[in-house]
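Have a look at target.txt; it's compact mmCIF, C-alpha atoms:
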# COMPACT_ATOMS: atom_id res chain seq x y z
CA HIS Q 1 0.00 0.00 0.00
CA CYS Q 2 1.14 3.53 -0.73
CA ILE Q 3 0.04 4.79 2.67
CA MET Q 4 1.57 3.57 5.89
CA ALA Q 5 -0.43 3.87 9.08
CA ALA Q 6 2.36 4.31 11.62
CA SER Q 7 1.65 3.16 15.13
CA SER Q 8 3.65 5.69 17.14
CA SER Q 9 1.74 8.49 18.84
CA LYS Q 10 3.56 11.12 16.75
CA SER Q 11 2.17 9.67 13.54
CA GLU Q 12 -1.38 9.08 14.72
CA GLY Q 13 -3.93 10.65 12.42
CA ARG Q 14 -1.31 11.54 9.81
CA VAL Q 15 -0.98 10.06 6.35
CA LEU Q 16 2.68 9.03 6.16
CA LEU Q 17 4.31 7.59 3.07
CA PRO Q 18 6.38 4.38 3.19
CA PRO Q 19 10.07 4.86 4.10
CA HIS Q 20 11.46 2.70 1.29
CA ILE Q 21 11.60 5.51 -1.30
CA GLU Q 22 13.52 8.63 -0.32
CA PRO Q 23 13.58 11.94 -2.27
CA ILE Q 24 17.06 13.41 -2.76
CA ARG Q 25 16.50 16.41 -5.04
CA TYR Q 26 13.44 18.07 -6.60
CA ASP Q 27 13.56 20.02 -9.84
CA LEU Q 28 10.40 22.14 -9.89
CA LYS Q 29 9.18 24.12 -12.89
CA PHE Q 30 6.10 26.35 -12.68
CA THR Q 31 4.41 28.27 -15.50
CA PRO Q 32 1.57 30.34 -13.98
CA ASP Q 33 -1.38 31.56 -16.08
CA PHE Q 34 -2.62 34.80 -14.53
CA GLU Q 35 -5.71 34.95 -16.75
CA ASN Q 36 -7.14 31.53 -15.94
CA PHE Q 37 -5.59 31.29 -12.44
CA THR Q 38 -3.88 27.97 -13.11
CA PHE Q 39 -0.29 26.84 -13.45
CA ALA Q 40 1.46 24.15 -15.46
CA GLY Q 41 3.92 22.16 -13.38
CA VAL Q 42 6.75 19.76 -14.15
CA THR Q 43 8.35 18.01 -11.17
CA THR Q 44 11.44 15.87 -11.62
CA VAL Q 45 12.53 14.08 -8.45
CA GLU Q 46 15.71 12.14 -7.87
CA LEU Q 47 14.77 9.18 -5.67
CA LYS Q 48 16.61 6.42 -3.86
CA THR Q 49 14.99 3.04 -3.23
CA ASP Q 50 16.19 0.70 -0.47
CA ASP Q 51 16.39 -3.11 -0.45
CA GLU Q 52 12.92 -3.40 1.08
CA VAL Q 53 11.05 -1.55 -1.65
CA SER Q 54 8.39 -3.77 -3.21
CA GLY Q 55 5.64 -3.52 -5.80
CA ARG Q 56 5.34 -1.34 -8.86
CA GLU Q 57 3.93 1.86 -7.41
CA ILE Q 58 5.26 5.17 -6.17
CA GLY Q 59 3.06 7.10 -3.73
CA MET Q 60 3.38 10.83 -3.03
CA HIS Q 61 1.37 13.60 -1.41
CA ALA Q 62 -0.71 15.75 -3.78
CA LYS Q 63 -3.74 17.99 -3.36
CA GLU Q 64 -5.95 19.63 -6.00
CA LEU Q 65 -3.53 18.76 -8.82
CA CYS Q 66 -4.57 17.31 -12.22
CA PHE Q 67 -1.97 14.85 -13.50
CA GLU Q 68 -1.12 14.46 -17.19
CA CYS Q 69 1.63 11.81 -17.14
CA ALA Q 70 4.51 10.37 -15.13
CA SER Q 71 7.59 8.31 -15.98
CA TYR Q 72 10.91 7.34 -14.47
CA THR Q 73 14.35 6.29 -15.66
CA VAL Q 74 16.98 4.42 -13.64
CA VAL Q 75 19.97 6.67 -13.06
CA ASP Q 76 21.94 4.16 -10.99
CA GLY Q 77 20.95 0.50 -10.55
CA GLU Q 78 19.32 -2.30 -12.49
CA GLY Q 79 16.79 -1.35 -15.14
CA ASP Q 80 16.82 0.35 -18.49
CA GLY Q 81 14.73 2.68 -20.61
CA GLN Q 82 11.87 4.94 -19.62
CA GLN Q 83 9.09 3.42 -17.53
CA ASP Q 84 5.76 5.20 -18.07
CA ALA Q 85 3.01 5.14 -15.44
CA GLU Q 86 0.19 2.88 -16.64
CA GLU Q 87 -2.24 4.29 -14.14
CA ILE Q 88 -2.46 7.38 -11.92
CA ARG Q 89 -4.66 7.09 -8.84
CA VAL Q 90 -5.60 10.21 -6.91
CA ASN Q 91 -7.01 9.93 -3.39
CA SER Q 92 -8.44 13.32 -2.43
CA LYS Q 93 -9.31 12.17 1.10
CA SER Q 94 -5.76 11.20 2.02
CA THR Q 95 -4.32 13.87 -0.36
CA THR Q 96 -2.08 11.34 -2.10
CA VAL Q 97 -1.35 10.25 -5.65
CA THR Q 98 -0.11 6.80 -6.64
CA PHE Q 99 1.70 6.10 -9.90
CA LEU Q 100 1.47 2.48 -11.07
CA PHE Q 101 4.14 1.13 -13.41
CA GLU Q 102 4.33 -2.02 -15.50
CA LYS Q 103 7.37 -3.47 -13.71
CA ASP Q 104 8.38 -3.69 -10.06
CA LEU Q 105 10.59 -0.84 -8.82
CA PRO Q 106 14.30 -1.74 -8.73
CA LYS Q 107 15.81 -2.15 -5.26
CA ASN Q 108 18.79 -0.08 -4.06
CA ALA Q 109 18.55 2.15 -7.12
CA THR Q 110 18.52 5.85 -7.95
CA LEU Q 111 15.56 6.86 -10.09
CA SER Q 112 14.62 10.07 -11.87
CA LEU Q 113 10.84 10.49 -11.75
CA THR Q 114 9.20 13.16 -13.96
CA ILE Q 115 5.57 14.22 -13.45
CA LYS Q 116 3.56 16.69 -15.56
CA TYR Q 117 0.44 18.24 -14.08
CA ILE Q 118 -1.81 21.30 -13.82
CA GLY Q 119 -2.56 23.13 -10.58
CA PHE Q 120 -4.72 26.05 -9.46
CA LEU Q 121 -3.65 29.52 -8.38
CA ASN Q 122 -6.29 29.52 -5.66
CA ASN Q 123 -7.52 32.44 -3.56
CA GLN Q 124 -7.45 30.52 -0.26
CA MET Q 125 -4.07 31.85 0.93
CA ALA Q 126 -2.67 28.29 0.98
CA GLY Q 127 -0.37 26.44 -1.40
CA PHE Q 128 0.44 28.42 -4.57
CA TYR Q 129 -2.10 31.23 -4.46
CA ARG Q 130 -2.98 34.61 -5.89
CA SER Q 131 -3.50 37.95 -4.16
CA SER Q 132 -4.97 41.14 -5.53
CA TYR Q 133 -3.85 44.64 -4.60
CA THR Q 134 -4.26 48.20 -5.85
CA ASN Q 135 -1.15 49.91 -7.19
CA ILE Q 136 -0.23 53.58 -6.79
CA HIS Q 137 -2.23 54.45 -9.93
CA GLY Q 138 -5.38 52.90 -8.48
CA GLU Q 139 -5.26 49.87 -10.81
CA SER Q 140 -6.08 46.37 -9.57
CA LYS Q 141 -3.11 43.99 -9.87
CA ILE Q 142 -2.50 40.29 -9.27
CA MET Q 143 0.51 38.64 -7.65
CA ALA Q 144 1.22 35.01 -6.77
CA SER Q 145 3.00 33.64 -3.72
CA THR Q 146 3.20 30.47 -1.65
CA GLN Q 147 2.29 29.38 1.86
CA PHE Q 148 3.25 25.73 2.39
CA GLU Q 149 3.36 25.27 6.17
CA SER Q 150 2.13 22.94 7.33
CA LEU Q 151 0.62 20.65 4.67
CA ASP Q 152 0.22 22.73 1.53
CA ALA Q 153 3.40 22.15 -0.50
CA ARG Q 154 1.36 19.27 -1.94
CA ARG Q 155 -1.02 21.84 -3.49
CA ALA Q 156 1.87 23.15 -5.63
CA PHE Q 157 3.83 19.99 -6.49
CA PRO Q 158 3.66 16.25 -5.78
CA CYS Q 159 6.12 15.48 -2.98
CA TRP Q 160 6.90 13.64 0.23
CA ASP Q 161 5.27 16.38 2.28
CA GLU Q 162 6.67 15.39 5.67
CA PRO Q 163 9.19 17.61 7.51
CA ALA Q 164 11.60 14.72 8.07
CA ARG Q 165 11.76 13.83 4.34
CA LYS Q 166 14.25 16.54 3.47
CA ALA Q 167 15.75 17.16 0.02
CA ALA Q 168 17.38 19.86 -2.12
CA PHE Q 169 15.09 21.97 -4.33
CA ALA Q 170 15.84 23.66 -7.66
CA VAL Q 171 13.06 26.03 -8.76
CA THR Q 172 12.43 27.35 -12.29
CA LEU Q 173 9.70 29.92 -13.01
CA VAL Q 174 8.27 30.94 -16.40
CA VAL Q 175 6.60 34.32 -15.92
CA PRO Q 176 5.46 37.38 -17.91
CA LYS Q 177 8.44 39.56 -18.91
CA TYR Q 178 7.27 42.56 -16.85
CA MET Q 179 6.98 40.61 -13.59
CA ASP Q 180 9.61 39.95 -10.93
CA ALA Q 181 10.00 36.45 -9.54
CA PHE Q 182 12.08 35.11 -6.69
CA SER Q 183 12.51 32.03 -4.54
CA ASN Q 184 14.59 30.79 -1.59
CA MET Q 185 17.91 31.06 -3.44
CA PRO Q 186 19.55 33.62 -5.77
CA GLU Q 187 19.02 33.42 -9.53
CA LEU Q 188 21.08 30.97 -11.56
CA SER Q 189 19.90 32.24 -14.96
CA ASN Q 190 17.33 34.57 -16.50
CA LYS Q 191 16.46 34.27 -20.18
CA THR Q 192 13.82 35.77 -22.47
CA LEU Q 193 11.75 33.10 -24.20
CA GLU Q 194 10.76 33.02 -27.87
CA GLY Q 195 8.15 35.65 -28.66
CA GLY Q 196 9.59 38.00 -26.04
CA LYS Q 197 6.54 38.03 -23.76
CA LYS Q 198 7.83 35.60 -21.13
CA LYS Q 199 11.08 34.93 -19.32
CA GLU Q 200 12.41 31.81 -17.62
CA ILE Q 201 14.19 32.28 -14.31
CA ALA Q 202 16.12 29.40 -12.75
CA PHE Q 203 17.35 29.49 -9.16
CA LEU Q 204 20.31 27.84 -7.43
CA ASP Q 205 19.75 24.60 -5.50
CA THR Q 206 18.64 25.07 -1.91
CA PRO Q 207 20.40 23.33 0.96
CA ILE Q 208 18.72 20.09 2.05
CA MET Q 209 15.48 21.17 3.76
CA SER Q 210 11.80 20.35 4.38
CA THR Q 211 9.11 20.83 1.71
CA TYR Q 212 7.17 23.41 3.73
CA LEU Q 213 10.08 25.90 3.54
CA VAL Q 214 10.07 26.13 -0.28
CA ALA Q 215 8.80 29.55 -1.35
CA ILE Q 216 7.97 31.41 -4.56
CA CYS Q 217 6.83 34.96 -5.17
CA ILE Q 218 5.79 36.49 -8.52
CA GLY Q 219 4.54 40.03 -9.17
CA GLU Q 220 5.57 43.64 -9.65
CA PHE Q 221 7.78 44.97 -6.86
CA ASP Q 222 10.14 47.71 -5.81
CA TYR Q 223 12.85 46.95 -3.26
CA VAL Q 224 15.44 48.40 -0.93
CA GLN Q 225 18.57 46.42 -0.09
CA ALA Q 226 21.59 46.41 2.19
CA GLN Q 227 24.40 44.06 3.12
CA THR Q 228 25.05 42.75 6.61
CA THR Q 229 28.49 43.12 8.19
CA HIS Q 230 28.95 39.40 7.51
CA GLY Q 231 28.18 39.83 3.81
CA VAL Q 232 24.58 38.62 3.43
CA LEU Q 233 22.52 40.61 0.92
CA VAL Q 234 19.14 41.55 2.43
CA ARG Q 235 16.26 42.88 0.32
CA VAL Q 236 12.82 44.10 1.32
CA TYR Q 237 10.31 43.93 -1.55
CA THR Q 238 7.28 46.22 -1.51
CA PRO Q 239 4.44 47.03 -3.92
CA PRO Q 240 5.61 49.56 -6.58
CA GLY Q 241 5.91 53.07 -5.21
CA LYS Q 242 6.14 51.96 -1.57
CA SER Q 243 9.83 51.07 -1.26
CA SER Q 244 10.43 53.80 1.33
CA SER Q 245 8.14 51.90 3.69
CA GLY Q 246 10.64 48.99 3.64
CA ALA Q 247 13.50 50.99 5.19
CA PHE Q 248 12.72 50.14 8.83
CA ALA Q 249 12.24 46.43 8.04
CA LEU Q 250 15.59 46.44 6.20
CA GLU Q 251 17.41 48.03 9.12
CA CYS Q 252 15.90 45.54 11.57
CA ALA Q 253 16.76 42.56 9.36
CA THR Q 254 20.41 43.44 8.77
CA LYS Q 255 21.05 44.24 12.45
CA SER Q 256 19.22 41.09 13.61
CA LEU Q 257 21.14 38.78 11.27
CA ASP Q 258 24.49 40.19 12.44
CA ALA Q 259 23.42 39.96 16.09
CA TYR Q 260 22.38 36.30 15.71
CA ASP Q 261 25.59 35.46 13.81
CA ASP Q 262 27.72 36.97 16.57
CA PHE Q 263 25.69 35.66 19.51
CA PHE Q 264 25.45 32.04 18.36
CA GLY Q 265 28.76 31.94 16.51
CA ILE Q 266 26.95 30.26 13.60
CA PRO Q 267 26.84 32.20 10.31
CA TYR Q 268 23.56 32.53 8.40
CA PRO Q 269 23.98 29.73 5.83
CA LEU Q 270 22.37 31.26 2.72
CA PRO Q 271 23.79 33.91 0.35
CA LYS Q 272 20.73 36.19 0.61
CA LEU Q 273 17.62 36.97 2.61
CA ASP Q 274 14.56 38.45 0.91
CA MET Q 275 11.49 39.72 2.69
CA VAL Q 276 8.17 40.34 0.96
CA ALA Q 277 5.09 42.12 2.25
CA ILE Q 278 2.05 40.35 0.77
CA PRO Q 279 -1.37 42.06 0.67
CA GLU Q 280 -3.43 38.91 1.35
CA PHE Q 281 -1.67 36.64 3.80
CA ALA Q 282 -3.20 34.15 6.24
CA MET Q 283 -0.32 33.89 8.73
CA GLY Q 284 1.33 36.73 10.59
CA ALA Q 285 4.56 35.76 8.85
CA MET Q 286 6.26 32.71 7.39
CA GLU Q 287 9.94 31.89 7.95
CA ASN Q 288 10.67 30.37 4.51
CA TRP Q 289 14.44 29.91 4.29
CA GLY Q 290 15.88 32.86 2.35
CA LEU Q 291 12.45 34.30 1.47
CA VAL Q 292 10.48 35.49 4.49
CA THR Q 293 6.90 36.49 3.75
CA TYR Q 294 4.55 38.50 5.94
CA ARG Q 295 1.31 40.40 5.93
CA GLU Q 296 1.27 43.94 4.60
CA VAL Q 297 -0.19 46.32 7.17
CA ASP Q 298 -1.21 49.93 6.61
Take the structure in this file and express it as structure tokens.
Amino acid sequence: HCIMAASSSKSEGRVLLPPHIEPIRYDLKFTPDFENFTFAGVTTVELKTDDEVSGREIGMHAKELCFECASYTVVDGEGDGQQDAEEIRVNSKSTTVTFLFEKDLPKNATLSLTIKYIGFLNNQMAGFYRSSYTNIHGESKIMASTQFESLDARRAFPCWDEPARKAAFAVTLVVPKYMDAFSNMPELSNKTLEGGKKKEIAFLDTPIMSTYLVAICIGEFDYVQAQTTHGVLVRVYTPPGKSSSGAFALECATKSLDAYDDFFGIPYPLPKLDMVAIPEFAMGAMENWGLVTYREVD
């Protein structure tokens, strides 16, 4: 079975996935559609199977996603060629998806699993969602951001959505040319796509971390920035025309990071820290690694 009912008190009432398949690295590509409020997603996960893996299915967490296809190739281990999923079973109650393949999964192998799907830019302030705000010219604008803690990364991409199942994440965003987009890590590349209306931004791999800390933000922003004494670049993003209101937040952030570095003797491990004020935000704030989001207040 794809779902393991664990007996310990910690796991009671939670849908945990079997421990015999472990994610190592996710490659996530999102192409949002701001007119239809959907997004096209491609998730490629590097997986390791152990010697106890059995059967021909791979189970993952997923919620409100429509799957097109899935396939895997063996990167390291026994097996050859591309294995396409014969069947895709979605269980909306347990928020899981199971991919069934023709052959049994190879044991002690490294697999590369690619999944294509469509998701929704919802207005529920959870998962990958949209917010509306009024710019300085009085026009209504749309932005998209994420809120994954505690169980909503699965609304944006199929994953092992359990804090202990850590992995590295590489994010790629295809967005309208006039929009800014950022994630947990600095940009790796930024290229204009054919036709000139969209651009593709790829970001550096994150350190190994939990799914709920992955973050994405897309919209039109101004920013102010400064560098900490220890060399971390800190930016505060604001709606266009409001960058002056980010000055106090910037000062607090740079001083706090330096104070924590000195007090604990442990340097902040990422090359940058972005902060974004979001008009419609359910939490007070969310400590995504490298991209802190919080509610915009007047």
Long-range neighbours of region 108-111 of chain Q as a PyMOL selection string, 9 Å cut-off, all atoms listed in the file, 3 positions minimum in chain: chain Q and resi 45-53+72-79+105
Using only C-alpha atoms, pick whichever of Q:Met283, Q:Leu188, Q:Leu151, Q:Leu257 has the shortest atom-to-atom distance to Gly231 (chain Q).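 Of the candidates, the smallest distance to Gly231 (chain Q) is held by Q:Leu257.
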Quick one, how far is CA of Ser256 (chain Q) from CA of Phe281 (chain Q)?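 Interatomic distance, CA of Ser256 (chain Q) to CA of Phe281 (chain Q): 23.5 Å.
Using all atoms listed in the file, the nearest neighbour of Lys103 (chain Q) within the list Q:Ser243, Q:Arg56, Q:Glu139, Q:Asn123 is Q:Arg56.
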Work out how far CA of Lys29 (chain Q) is from CA of Phe182 (chain Q), in Å to one decimal. 12.9 Å
I'd like the contact shell of Gln227 (chain Q) - 10 Å cut-off, all atoms listed in the file, skipping same-chain residues fewer than 6 positions apart - returned as a list of chain:residue names.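 That gives Q:Leu233, Q:Val234, Q:Arg235, Q:Leu250, Q:Ala253, Q:Thr254, Q:Lys255, Q:Lys272, Q:Leu273.
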Compile the contact shell of Ala153 (chain Q) as a list in words: residues with an atom at most 6 Å away, counting all atoms listed in the file, same-chain residues fewer than 5 positions apart removed.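 Using all atoms listed in the file, the neighbours found are Gly127, Phe148 and Tyr212 of chain Q.
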Neighbour list for Thr172 (chain Q) as a ChimeraX atom specification, cut-off 7 Å, all atoms listed in the file, skip fewer than 5 positions in-chain: /Q:28-30,200-203
Could those selected residues go to a file with C-alpha atoms, as an mmCIF file, in the frame of the given file?
data_model
loop_
_atom_site.group_PDB
_atom_site.id
_atom_site.type_symbol
_atom_site.label_atom_id
_atom_site.label_comp_id
_atom_site.auth_asym_id
_atom_site.auth_seq_id
_atom_site.Cartn_x
_atom_site.Cartn_y
_atom_site.Cartn_z
ATOM 1 C CA LEU Q 28 10.400 22.140 -9.890
ATOM 2 C CA LYS Q 29 9.180 24.120 -12.890
ATOM 3 C CA PHE Q 30 6.100 26.350 -12.680
ATOM 4 C CA GLU Q 200 12.410 31.810 -17.620
ATOM 5 C CA ILE Q 201 14.190 32.280 -14.310
ATOM 6 C CA ALA Q 202 16.120 29.400 -12.750
ATOM 7 C CA PHE Q 203 17.350 29.490 -9.160
#
Which residues are close to region 57-70 of chain Q, i.e. within 6 Å by all atoms listed in the file, leaving aside same-chain residues fewer than 2 positions away? Reply as number ranges by chain. Q: 2, 55, 85, 95-100, 114-119, 154-155, 158-160
Distance criterion (all atoms listed in the file): nearest to Pro18 (chain Q) out of Q:Leu213, Q:Phe264, Q:Arg165, Q:Val236: Q:Arg165
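In this model, the gap between CA of Pro23 (chain Q) and CA of Ala170 (chain Q) comes to 13.1 Å.
Nearest residue to Glu187 (chain Q) among Q:Leu291, Q:Leu204, Q:Val214, Q:Leu173 is Q:Leu204, counting all atoms listed in the file.
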Determine the nearest neighbour of Met179 (chain Q) from the options Q:Gly265, Q:Thr192, Q:Ala156, Q:Phe221, counting all atoms listed in the file.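 Of the candidates, the smallest distance to Met179 (chain Q) is held by Q:Phe221.
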Reconstruct all heavy atoms of region 250-261 of chain Q from the incomplete input and present them as a PDB file, in the frame of the given file.
ATOM      1  N   LEU Q 250      14.236  46.745   6.681  1.00  0.00           N
ATOM      2  CA  LEU Q 250      15.590  46.440   6.200  1.00  0.00           C
ATOM      3  C   LEU Q 250      16.620  46.646   7.314  1.00  0.00           C
ATOM      4  O   LEU Q 250      17.504  45.807   7.527  1.00  0.00           O
ATOM      5  CB  LEU Q 250      15.921  47.321   4.998  1.00  0.00           C
ATOM      6  CG  LEU Q 250      17.291  47.093   4.351  1.00  0.00           C
ATOM      7  CD1 LEU Q 250      17.375  45.703   3.733  1.00  0.00           C
ATOM      8  CD2 LEU Q 250      17.562  48.151   3.278  1.00  0.00           C
ATOM      9  N   GLU Q 251      16.475  47.737   8.024  1.00  0.00           N
ATOM     10  CA  GLU Q 251      17.410  48.030   9.120  1.00  0.00           C
ATOM     11  C   GLU Q 251      17.328  46.961  10.205  1.00  0.00           C
ATOM     12  O   GLU Q 251      18.341  46.466  10.703  1.00  0.00           O
ATOM     13  CB  GLU Q 251      17.098  49.421   9.710  1.00  0.00           C
ATOM     14  CG  GLU Q 251      18.107  49.860  10.746  1.00  0.00           C
ATOM     15  CD  GLU Q 251      17.693  51.132  11.487  1.00  0.00           C
ATOM     16  OE1 GLU Q 251      16.653  51.724  11.124  1.00  0.00           O
ATOM     17  OE2 GLU Q 251      18.411  51.512  12.433  1.00  0.00           O
ATOM     18  N   CYS Q 252      16.093  46.583  10.548  1.00  0.00           N
ATOM     19  CA  CYS Q 252      15.900  45.540  11.570  1.00  0.00           C
ATOM     20  C   CYS Q 252      16.507  44.211  11.135  1.00  0.00           C
ATOM     21  O   CYS Q 252      17.157  43.520  11.921  1.00  0.00           O
ATOM     22  CB  CYS Q 252      14.413  45.328  11.852  1.00  0.00           C
ATOM     23  SG  CYS Q 252      13.627  46.720  12.672  1.00  0.00           S
ATOM     24  N   ALA Q 253      16.290  43.859   9.867  1.00  0.00           N
ATOM     25  CA  ALA Q 253      16.760  42.560   9.360  1.00  0.00           C
ATOM     26  C   ALA Q 253      18.280  42.469   9.361  1.00  0.00           C
ATOM     27  O   ALA Q 253      18.850  41.468   9.811  1.00  0.00           O
ATOM     28  CB  ALA Q 253      16.217  42.331   7.952  1.00  0.00           C
ATOM     29  N   THR Q 254      18.949  43.507   8.856  1.00  0.00           N
ATOM     30  CA  THR Q 254      20.410  43.440   8.770  1.00  0.00           C
ATOM     31  C   THR Q 254      21.031  43.414  10.173  1.00  0.00           C
ATOM     32  O   THR Q 254      21.945  42.633  10.435  1.00  0.00           O
ATOM     33  CB  THR Q 254      20.978  44.642   7.979  1.00  0.00           C
ATOM     34  OG1 THR Q 254      20.388  45.854   8.467  1.00  0.00           O
ATOM     35  CG2 THR Q 254      20.677  44.513   6.494  1.00  0.00           C
ATOM     36  N   LYS Q 255      20.500  44.211  11.082  1.00  0.00           N
ATOM     37  CA  LYS Q 255      21.050  44.240  12.450  1.00  0.00           C
ATOM     38  C   LYS Q 255      20.774  42.910  13.174  1.00  0.00           C
ATOM     39  O   LYS Q 255      21.625  42.408  13.898  1.00  0.00           O
ATOM     40  CB  LYS Q 255      20.442  45.401  13.246  1.00  0.00           C
ATOM     41  CG  LYS Q 255      21.003  46.751  12.841  1.00  0.00           C
ATOM     42  CD  LYS Q 255      20.439  47.875  13.684  1.00  0.00           C
ATOM     43  CE  LYS Q 255      21.086  49.215  13.327  1.00  0.00           C
ATOM     44  NZ  LYS Q 255      20.468  50.331  14.058  1.00  0.00           N
ATOM     45  N   SER Q 256      19.578  42.356  12.953  1.00  0.00           N
ATOM     46  CA  SER Q 256      19.220  41.090  13.610  1.00  0.00           C
ATOM     47  C   SER Q 256      20.106  39.952  13.131  1.00  0.00           C
ATOM     48  O   SER Q 256      20.589  39.146  13.931  1.00  0.00           O
ATOM     49  CB  SER Q 256      17.758  40.730  13.339  1.00  0.00           C
ATOM     50  OG  SER Q 256      16.908  41.746  13.796  1.00  0.00           O
ATOM     51  N   LEU Q 257      20.308  39.864  11.804  1.00  0.00           N
ATOM     52  CA  LEU Q 257      21.140  38.780  11.270  1.00  0.00           C
ATOM     53  C   LEU Q 257      22.554  38.847  11.840  1.00  0.00           C
ATOM     54  O   LEU Q 257      23.111  37.823  12.243  1.00  0.00           O
ATOM     55  CB  LEU Q 257      21.206  38.860   9.741  1.00  0.00           C
ATOM     56  CG  LEU Q 257      20.200  38.045   8.928  1.00  0.00           C
ATOM     57  CD1 LEU Q 257      20.593  38.058   7.459  1.00  0.00           C
ATOM     58  CD2 LEU Q 257      20.089  36.615   9.408  1.00  0.00           C
ATOM     59  N   ASP Q 258      23.132  40.044  11.881  1.00  0.00           N
ATOM     60  CA  ASP Q 258      24.490  40.190  12.440  1.00  0.00           C
ATOM     61  C   ASP Q 258      24.513  39.822  13.919  1.00  0.00           C
ATOM     62  O   ASP Q 258      25.431  39.145  14.385  1.00  0.00           O
ATOM     63  CB  ASP Q 258      24.992  41.631  12.241  1.00  0.00           C
ATOM     64  CG  ASP Q 258      25.513  41.872  10.821  1.00  0.00           C
ATOM     65  OD1 ASP Q 258      25.958  40.895  10.190  1.00  0.00           O
ATOM     66  OD2 ASP Q 258      25.471  43.028  10.360  1.00  0.00           O
ATOM     67  N   ALA Q 259      23.478  40.259  14.644  1.00  0.00           N
ATOM     68  CA  ALA Q 259      23.420  39.960  16.090  1.00  0.00           C
ATOM     69  C   ALA Q 259      23.332  38.455  16.331  1.00  0.00           C
ATOM     70  O   ALA Q 259      24.020  37.915  17.206  1.00  0.00           O
ATOM     71  CB  ALA Q 259      22.211  40.679  16.713  1.00  0.00           C
ATOM     72  N   TYR Q 260      22.503  37.758  15.554  1.00  0.00           N
ATOM     73  CA  TYR Q 260      22.380  36.300  15.710  1.00  0.00           C
ATOM     74  C   TYR Q 260      23.689  35.601  15.325  1.00  0.00           C
ATOM     75  O   TYR Q 260      24.129  34.670  16.002  1.00  0.00           O
ATOM     76  CB  TYR Q 260      21.238  35.761  14.838  1.00  0.00           C
ATOM     77  CG  TYR Q 260      19.863  35.950  15.438  1.00  0.00           C
ATOM     78  CD1 TYR Q 260      18.843  36.555  14.719  1.00  0.00           C
ATOM     79  CD2 TYR Q 260      19.583  35.511  16.726  1.00  0.00           C
ATOM     80  CE1 TYR Q 260      17.574  36.728  15.271  1.00  0.00           C
ATOM     81  CE2 TYR Q 260      18.319  35.670  17.291  1.00  0.00           C
ATOM     82  CZ  TYR Q 260      17.313  36.282  16.558  1.00  0.00           C
ATOM     83  OH  TYR Q 260      16.067  36.445  17.103  1.00  0.00           O
ATOM     84  N   ASP Q 261      24.309  36.046  14.231  1.00  0.00           N
ATOM     85  CA  ASP Q 261      25.590  35.460  13.810  1.00  0.00           C
ATOM     86  C   ASP Q 261      26.619  35.557  14.929  1.00  0.00           C
ATOM     87  O   ASP Q 261      27.310  34.586  15.248  1.00  0.00           O
ATOM     88  CB  ASP Q 261      26.134  36.192  12.568  1.00  0.00           C
ATOM     89  CG  ASP Q 261      25.506  35.701  11.273  1.00  0.00           C
ATOM     90  OD1 ASP Q 261      24.587  34.870  11.346  1.00  0.00           O
ATOM     91  OD2 ASP Q 261      25.925  36.154  10.186  1.00  0.00           O
TER      92      ASP Q 261
END
